[in-house]
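This is run_27.cif. It holds mmCIF, C-alpha atoms.
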```
data_data
loop_
_atom_site.label_atom_id
_atom_site.label_comp_id
_atom_site.auth_asym_id
_atom_site.auth_seq_id
_atom_site.Cartn_x
_atom_site.Cartn_y
_atom_site.Cartn_z
CA MET I 1 100.45 100.73 98.11
CA ILE I 2 99.31 98.96 101.27
CA GLU I 3 98.52 100.99 104.37
CA LEU I 4 97.86 99.43 107.76
CA LYS I 5 96.80 101.69 110.63
CA LYS I 6 96.64 100.26 114.17
CA VAL I 7 95.22 96.94 112.94
CA THR I 8 94.17 94.57 115.71
CA PHE I 9 92.46 91.23 115.22
CA THR I 10 91.52 88.51 117.71
CA TYR I 11 89.95 85.19 116.75
CA LYS I 12 86.74 84.25 118.56
CA GLY I 13 87.55 82.41 121.78
CA ALA I 14 91.27 83.25 121.65
CA LYS I 15 92.93 84.54 124.80
CA SER I 16 95.37 86.79 122.95
CA PRO I 17 95.22 88.76 119.68
CA ALA I 18 96.56 87.38 116.42
CA LEU I 19 97.49 90.94 115.37
CA SER I 20 98.33 93.73 117.79
CA ASP I 21 98.31 97.39 116.72
CA ILE I 22 99.91 96.78 113.30
CA THR I 23 100.88 99.99 111.51
CA ALA I 24 102.85 99.98 108.26
CA VAL I 25 103.14 101.39 104.76
CA VAL I 26 104.29 98.96 102.07
CA GLY I 27 105.10 100.33 98.64
CA THR I 28 105.69 98.55 95.35
CA GLY I 29 108.22 95.75 95.08
CA LEU I 30 108.76 92.28 96.50
CA TYR I 31 108.54 92.05 100.29
CA LEU I 32 109.45 89.26 102.66
CA LEU I 33 106.96 88.58 105.46
CA ALA I 34 108.74 86.63 108.19
CA GLY I 35 107.94 85.53 111.72
CA GLU I 36 107.83 82.48 113.94
CA ASN I 37 104.94 80.01 113.76
CA GLY I 38 101.86 81.72 115.17
CA ALA I 39 103.29 85.22 114.79
CA GLY I 40 100.24 86.34 112.77
CA LYS I 41 101.59 86.27 109.22
CA THR I 42 98.68 84.42 107.60
CA THR I 43 96.15 86.47 109.56
CA LEU I 44 97.81 89.65 108.31
CA LEU I 45 97.59 88.44 104.71
CA HIS I 46 93.90 87.68 105.22
CA VAL I 47 93.30 91.21 106.52
CA ILE I 48 95.14 92.81 103.60
CA ALA I 49 93.16 90.67 101.13
CA GLY I 50 89.88 91.66 102.79
CA LEU I 51 89.03 88.08 103.75
CA ILE I 52 88.74 89.00 107.43
CA HIS I 53 88.13 92.41 108.98
CA PRO I 54 90.06 93.81 111.94
CA GLN I 55 88.16 94.62 115.13
CA SER I 56 90.02 97.93 115.22
CA GLY I 57 92.20 99.83 112.81
CA ILE I 58 92.05 99.82 109.03
CA SER I 59 93.76 98.14 106.08
CA CYS I 60 93.82 99.94 102.72
CA ILE I 61 95.15 99.19 99.26
CA ASP I 62 95.65 102.32 97.18
CA SER I 63 93.51 104.23 99.71
CA HIS I 64 90.59 101.77 99.36
CA PRO I 65 89.65 99.98 102.63
CA SER I 66 90.05 96.22 102.23
CA SER I 67 86.96 95.62 104.37
CA THR I 68 84.58 97.09 101.78
CA ASN I 69 85.11 94.09 99.47
CA ASP I 70 84.46 96.32 96.46
CA PRO I 71 84.38 93.97 93.42
CA ALA I 72 86.34 96.46 91.31
CA GLU I 73 89.11 96.58 93.90
CA MET I 74 89.05 92.85 94.65
CA GLY I 75 90.12 92.27 91.05
CA ASN I 76 93.41 93.93 91.94
CA VAL I 77 94.38 91.65 94.85
CA PHE I 78 94.89 87.89 95.13
CA LEU I 79 96.00 85.69 98.02
CA LEU I 80 97.46 82.27 97.25
CA GLU I 81 97.30 80.36 100.51
CA ASP I 82 99.35 77.33 101.44
CA ASN I 83 97.41 74.10 100.74
CA MET I 84 94.69 76.13 99.02
CA LYS I 85 91.95 74.21 97.19
CA PHE I 86 91.10 75.35 93.65
CA PRO I 87 87.67 74.20 92.37
CA GLY I 88 87.85 72.69 88.92
CA LYS I 89 89.21 69.47 87.45
CA THR I 90 92.26 71.15 85.93
CA ILE I 91 94.02 74.47 86.33
CA ARG I 92 92.76 75.41 82.87
CA GLU I 93 89.17 74.78 83.91
CA PHE I 94 89.69 76.86 87.05
CA LYS I 95 91.29 79.62 84.99
CA LYS I 96 88.32 79.73 82.63
CA LEU I 97 85.91 80.21 85.54
CA HIS I 98 88.00 82.47 87.75
CA SER I 99 90.17 84.73 85.54
CA ARG I 100 87.14 86.72 84.29
CA PHE I 101 87.20 88.58 87.62
CA TYR I 102 90.79 89.76 87.04
CA PRO I 103 90.98 92.29 84.19
CA ASN I 104 94.77 92.17 83.92
CA PHE I 105 95.02 88.39 83.60
CA SER I 106 97.49 87.38 80.86
CA GLU I 107 96.87 84.22 78.85
CA GLU I 108 100.38 84.53 77.44
CA LYS I 109 102.02 84.61 80.87
CA PHE I 110 99.83 81.74 82.04
CA GLU I 111 101.05 79.57 79.17
CA GLU I 112 104.67 80.63 79.73
CA ASN I 113 104.46 79.87 83.44
CA LEU I 114 102.97 76.42 82.88
CA LYS I 115 105.67 75.60 80.35
CA ALA I 116 108.39 76.79 82.73
CA PHE I 117 107.07 74.45 85.42
CA GLY I 118 106.83 71.57 82.93
CA GLN I 119 103.03 71.35 82.95
CA SER I 120 100.37 71.29 80.26
CA GLY I 121 97.57 72.57 82.49
CA TYR I 122 95.37 69.60 81.57
CA GLU I 123 96.61 67.40 84.42
CA PRO I 124 93.81 66.51 86.91
CA MET I 125 94.43 68.62 90.01
CA ASN I 126 93.12 65.92 92.33
CA ALA I 127 95.84 63.58 91.01
CA HIS I 128 98.67 66.10 91.40
CA SER I 129 101.35 65.69 94.03
CA LEU I 130 101.45 68.65 96.44
CA GLY I 131 104.46 70.04 94.60
CA ASN I 132 102.89 69.84 91.15
CA LEU I 133 99.64 71.29 92.47
CA LYS I 134 101.58 74.25 93.84
CA LYS I 135 103.27 74.72 90.45
CA ALA I 136 99.88 74.82 88.70
CA GLN I 137 98.52 77.32 91.21
CA LEU I 138 101.59 79.54 90.98
CA SER I 139 101.39 79.47 87.16
CA TYR I 140 97.92 80.95 87.47
CA ALA I 141 98.58 83.40 90.32
CA LEU I 142 101.63 84.92 88.62
CA ALA I 143 99.61 85.54 85.44
CA LEU I 144 96.82 87.51 87.15
CA GLY I 145 98.59 90.86 86.88
CA VAL I 146 97.08 92.08 90.16
CA LYS I 147 98.52 95.16 91.85
CA THR I 148 98.75 93.26 95.14
CA LEU I 149 99.79 89.60 95.12
CA LEU I 150 100.04 87.78 98.45
CA LEU I 151 101.85 84.44 98.53
CA ASP I 152 101.70 82.33 101.69
CA GLU I 153 104.57 79.80 101.78
CA PRO I 154 104.83 79.55 97.97
CA THR I 155 107.90 77.29 98.05
CA ASN I 156 106.32 74.65 100.32
CA ALA I 157 106.37 71.23 98.61
CA LEU I 158 108.37 72.53 95.63
CA ASP I 159 111.43 70.55 94.59
CA ILE I 160 114.77 72.27 94.00
CA GLU I 161 114.08 72.79 90.29
CA GLY I 162 110.64 74.20 91.10
CA ARG I 163 112.10 76.71 93.56
CA VAL I 164 114.63 77.89 91.00
CA THR I 165 111.85 78.24 88.41
CA LEU I 166 109.67 80.18 90.84
CA ARG I 167 112.49 82.61 91.50
CA LYS I 168 112.93 83.20 87.77
CA LEU I 169 109.20 83.61 87.17
CA ILE I 170 108.75 86.12 89.99
CA ALA I 171 111.66 88.13 88.65
CA ALA I 172 110.17 88.02 85.15
CA ASN I 173 106.53 88.65 86.11
CA ILE I 174 106.72 91.41 88.71
CA SER I 175 106.09 94.91 87.39
CA GLU I 176 107.09 98.27 88.83
CA ASN I 177 103.46 98.91 89.81
CA GLN I 178 103.00 95.70 91.78
CA THR I 179 103.38 94.83 95.44
CA ILE I 180 104.13 91.18 96.15
CA ILE I 181 104.31 89.97 99.75
CA VAL I 182 105.80 86.53 100.31
CA SER I 183 105.29 84.86 103.67
CA THR I 184 107.94 82.18 104.07
CA HIS I 185 110.24 80.40 106.51
CA THR I 186 112.75 79.61 103.75
CA VAL I 187 114.16 83.08 103.15
CA SER I 188 117.06 81.84 101.02
CA ASP I 189 114.78 80.73 98.14
CA LEU I 190 114.00 84.33 97.10
CA GLU I 191 116.45 86.32 99.21
CA LYS I 192 118.21 88.12 96.35
CA LEU I 193 114.88 89.37 94.98
CA PHE I 194 113.47 91.01 98.10
CA ASP I 195 113.14 94.79 97.98
CA GLY I 196 112.08 94.96 101.62
CA ALA I 197 110.72 93.04 104.57
CA MET I 198 108.02 92.88 107.21
CA ILE I 199 109.23 91.04 110.31
CA MET I 200 106.75 89.92 112.96
CA GLN I 201 106.93 88.46 116.45
CA GLU I 202 104.05 87.37 118.68
CA SER I 203 101.33 89.29 116.81
CA LYS I 204 103.40 92.49 116.56
CA LEU I 205 105.24 94.01 113.62
CA LEU I 206 108.85 94.52 114.71
CA PHE I 207 110.09 96.07 111.49
CA VAL I 208 108.91 97.11 108.05
CA GLY I 209 111.20 98.75 105.54
CA THR I 210 113.08 98.55 102.27
CA GLU I 211 116.53 97.16 101.58
CA GLU I 212 117.69 100.76 101.21
CA ASP I 213 116.31 101.61 104.65
CA VAL I 214 118.28 98.78 106.25
CA ALA I 215 121.48 99.35 104.26
CA GLU I 216 121.58 102.97 105.41
CA LYS I 217 121.64 101.85 109.04
CA LEU I 218 123.24 98.39 109.19
CA ALA I 219 126.16 96.49 107.66
CA PHE I 220 126.34 92.68 107.56
CA GLU I 221 129.69 90.93 107.60
CA TYR I 222 130.86 87.32 107.88
CA SER I 223 134.37 86.69 109.19
CA ASN I 224 136.54 84.02 110.79
CA HIS I 225 136.75 85.99 114.00
CA PRO I 226 134.09 87.37 116.37
CA ASP I 227 133.88 91.10 116.97
CA MET I 228 132.58 91.73 120.47
CA ASP I 229 131.88 95.37 119.53
CA SER I 230 129.30 94.46 116.88
CA LEU I 231 125.59 95.09 117.49
CA TYR I 232 124.86 91.41 116.93
CA LEU I 233 127.14 88.38 116.78
CA GLU I 234 126.41 84.76 115.91
CA ASN I 235 128.54 81.71 115.19
CA ILE I 236 127.27 80.04 112.02
CA GLY I 237 129.10 76.89 110.99
CA GLY I 238 132.43 78.07 112.35
CA ARG I 239 132.16 81.55 110.84
CA TYR I 240 130.91 84.64 112.60
CA LEU I 241 128.10 86.88 111.49
CA ASN I 242 128.58 90.44 112.71
CA ILE I 243 126.06 93.25 112.30
CA TYR I 244 127.40 96.80 112.65
CA PRO I 245 126.15 100.35 112.30
CA SER I 246 126.59 101.08 108.60
CA GLU I 247 128.58 104.27 109.14
CA LYS I 248 131.38 102.27 110.76
CA HIS I 249 131.75 99.73 107.94
CA GLU I 250 131.60 99.52 104.19
CA GLU I 251 128.12 99.06 102.76
CA THR I 252 127.11 95.40 102.37
CA ARG I 253 124.10 93.64 100.90
CA VAL I 254 121.28 93.21 103.39
CA ASP I 255 121.13 89.69 104.83
CA TRP I 256 117.40 89.25 105.54
CA LYS I 257 117.82 85.97 107.41
CA ALA I 258 120.48 87.56 109.63
CA LEU I 259 118.24 90.56 110.29
CA TYR I 260 115.40 88.23 111.24
CA MET I 261 117.63 86.31 113.67
CA ALA I 262 118.94 89.52 115.20
CA LEU I 263 115.44 90.93 115.71
CA HIS I 264 114.42 87.70 117.48
CA SER I 265 117.45 87.70 119.77
CA ASP I 266 118.28 89.40 123.08
CA LYS I 267 120.03 92.08 120.98
CA SER I 268 116.80 93.09 119.27
CA HIS I 269 116.69 96.43 121.08
CA CYS I 270 120.17 97.32 119.75
CA ILE I 271 119.18 96.55 116.17
CA LEU I 272 115.85 98.38 116.40
CA SER I 273 117.50 101.40 118.01
CA GLN I 274 119.97 101.61 115.11
CA LEU I 275 117.22 101.17 112.49
CA GLN I 276 115.14 103.93 114.07
CA LYS I 277 117.93 106.54 114.07
#
```

Rewrite the coordinates I just gave you, this time as structure tokens.
Amino acid sequence: MIELKKVTFTYKGAKSPALSDITAVVGTGLYLLAGENGAGKTTLLHVIAGLIHPQSGISCIDSHPSSTNDPAEMGNVFLLEDNMKFPGKTIREFKKLHSRFYPNFSEEKFEENLKAFGQSGYEPMNAHSLGNLKKAQLSYALALGVKTLLLDEPTNALDIEGRVTLRKLIAANISENQTIIVSTHTVSDLEKLFDGAMIMQESKLLFVGTEEDVAEKLAFEYSNHPDMDSLYLENIGGRYLNIYPSEKHEETRVDWKALYMALHSDKSHCILSQLQK
């Protein structure tokens, strides 16, 4: 479990904070981390992973402060950054050097993941395309078995087949004791897998909660006609997205992209008020 208590972080020389008073509790499951460019998503992942330390507040994983950088605890968390450089000629060479620090690493899953992505693991990483490099890195990251796995834009550079494979591998690899946070702008790639979401705007956390939390409060409905009484309304390709209080409509599956759009609209206060009831 991840606990964030009044976390604030400002980069040296910056005029405004990258994170402002972030407080949240994130349990096990797969969580979407969404926000506009510059909202603070990557900075938040760095704080959770213990790579940077907040100027105020605290970040904990299973009650252990991330800032202590305890080697025993660091073996239970891994952040795969976008465009991350892995030392080593091949992913197998990197695995040999790096996996010793992760006690739950699975050779079997590593081999299965490589095969699923159509790789041998012996390909030179410096000769990989960006997409194939990402596949190699994901094959490794998903085999680590860490309690907390943080993925920053994992679908960037992946082709359509690669995105489908990633979705299958995440579904197959995640365990009931794991927390996986995926920061992405392409919500649709993994939308059906998300158990919850963290939605940011301008360094602040607007919402954190599970699919069950949202479904208890809101209903999402697409129709051919607008409903001016809905909490949020948007015309999408000739059809209308309406968001209602859940008690007034039949329960529907949470539309994370729609929730994101609503929370970044002038109707945000209506949505937040309903979620906080």

- request: Kindly indicate which residue among I:Leu44, I:Val7, I:Met74, I:Leu259 lies nearest to Ile58 in chain I, using all atoms listed in the file for the distances.
  value: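 So, comparing all the options, the nearest one is I:Val7.
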
message: I'd like to know which of I:Leu263, I:Ala24, I:Ile61, I:Leu142 is closest to Gln201 in chain I, using all atoms listed in the file.
response: I:Leu263

- request: Could you tell me which of I:Tyr31, I:Tyr232, I:Ile174, I:Gly209 comes closest to Glu191 in chain I if we count only C-alpha atoms?
  value: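 Using only C-alpha atoms, the shortest distance to Glu191 in chain I belongs to I:Tyr31.
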
- line: If you count all atoms listed in the file, the residue of I:Gly57, I:Pro154, I:Gly13, I:Pro103 closest to Val187 in chain I turns out to be I:Pro154

- prompt: Which residues fall under the PyMOL selection byres ((chain I and resi 254) around 12) in this file, as number ranges by chain?
  reply: I: 191-197, 209-221, 243-244, 246, 251-253, 255-260

task: Please tell me which residues are no farther than 7 Å from (91.9, 91.1, 86.9) in the file, counting all atoms listed in the file, and write them as a VMD selection string.
output: chain I and resid 75 to 76 99 to 105 144 to 146

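Going from CA of His53 in chain I over to CA of Ser67 in chain I, you cover 5.7 Å.
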
message: Applying the PyMOL selection byres ((chain I and resi 139) around 6) to the file I just gave you, which residues come out? Please list them as a list of chain:residue names.
response: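 Here the PyMOL selection byres ((chain I and resi 139) around 6) matches I:Phe110, I:Asn113, I:Leu114, I:Ala136, I:Gln137, I:Leu138, I:Tyr140, I:Ala141, I:Leu142.
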
message: Can you spell out as JSON, numbers by chain the set of residues that the PyMOL selection byres ((chain I and resi 153) around 8) selects in the structure I just provided?
response: {"I": [81, 82, 151, 152, 154, 155, 156, 182, 183, 184, 185]}
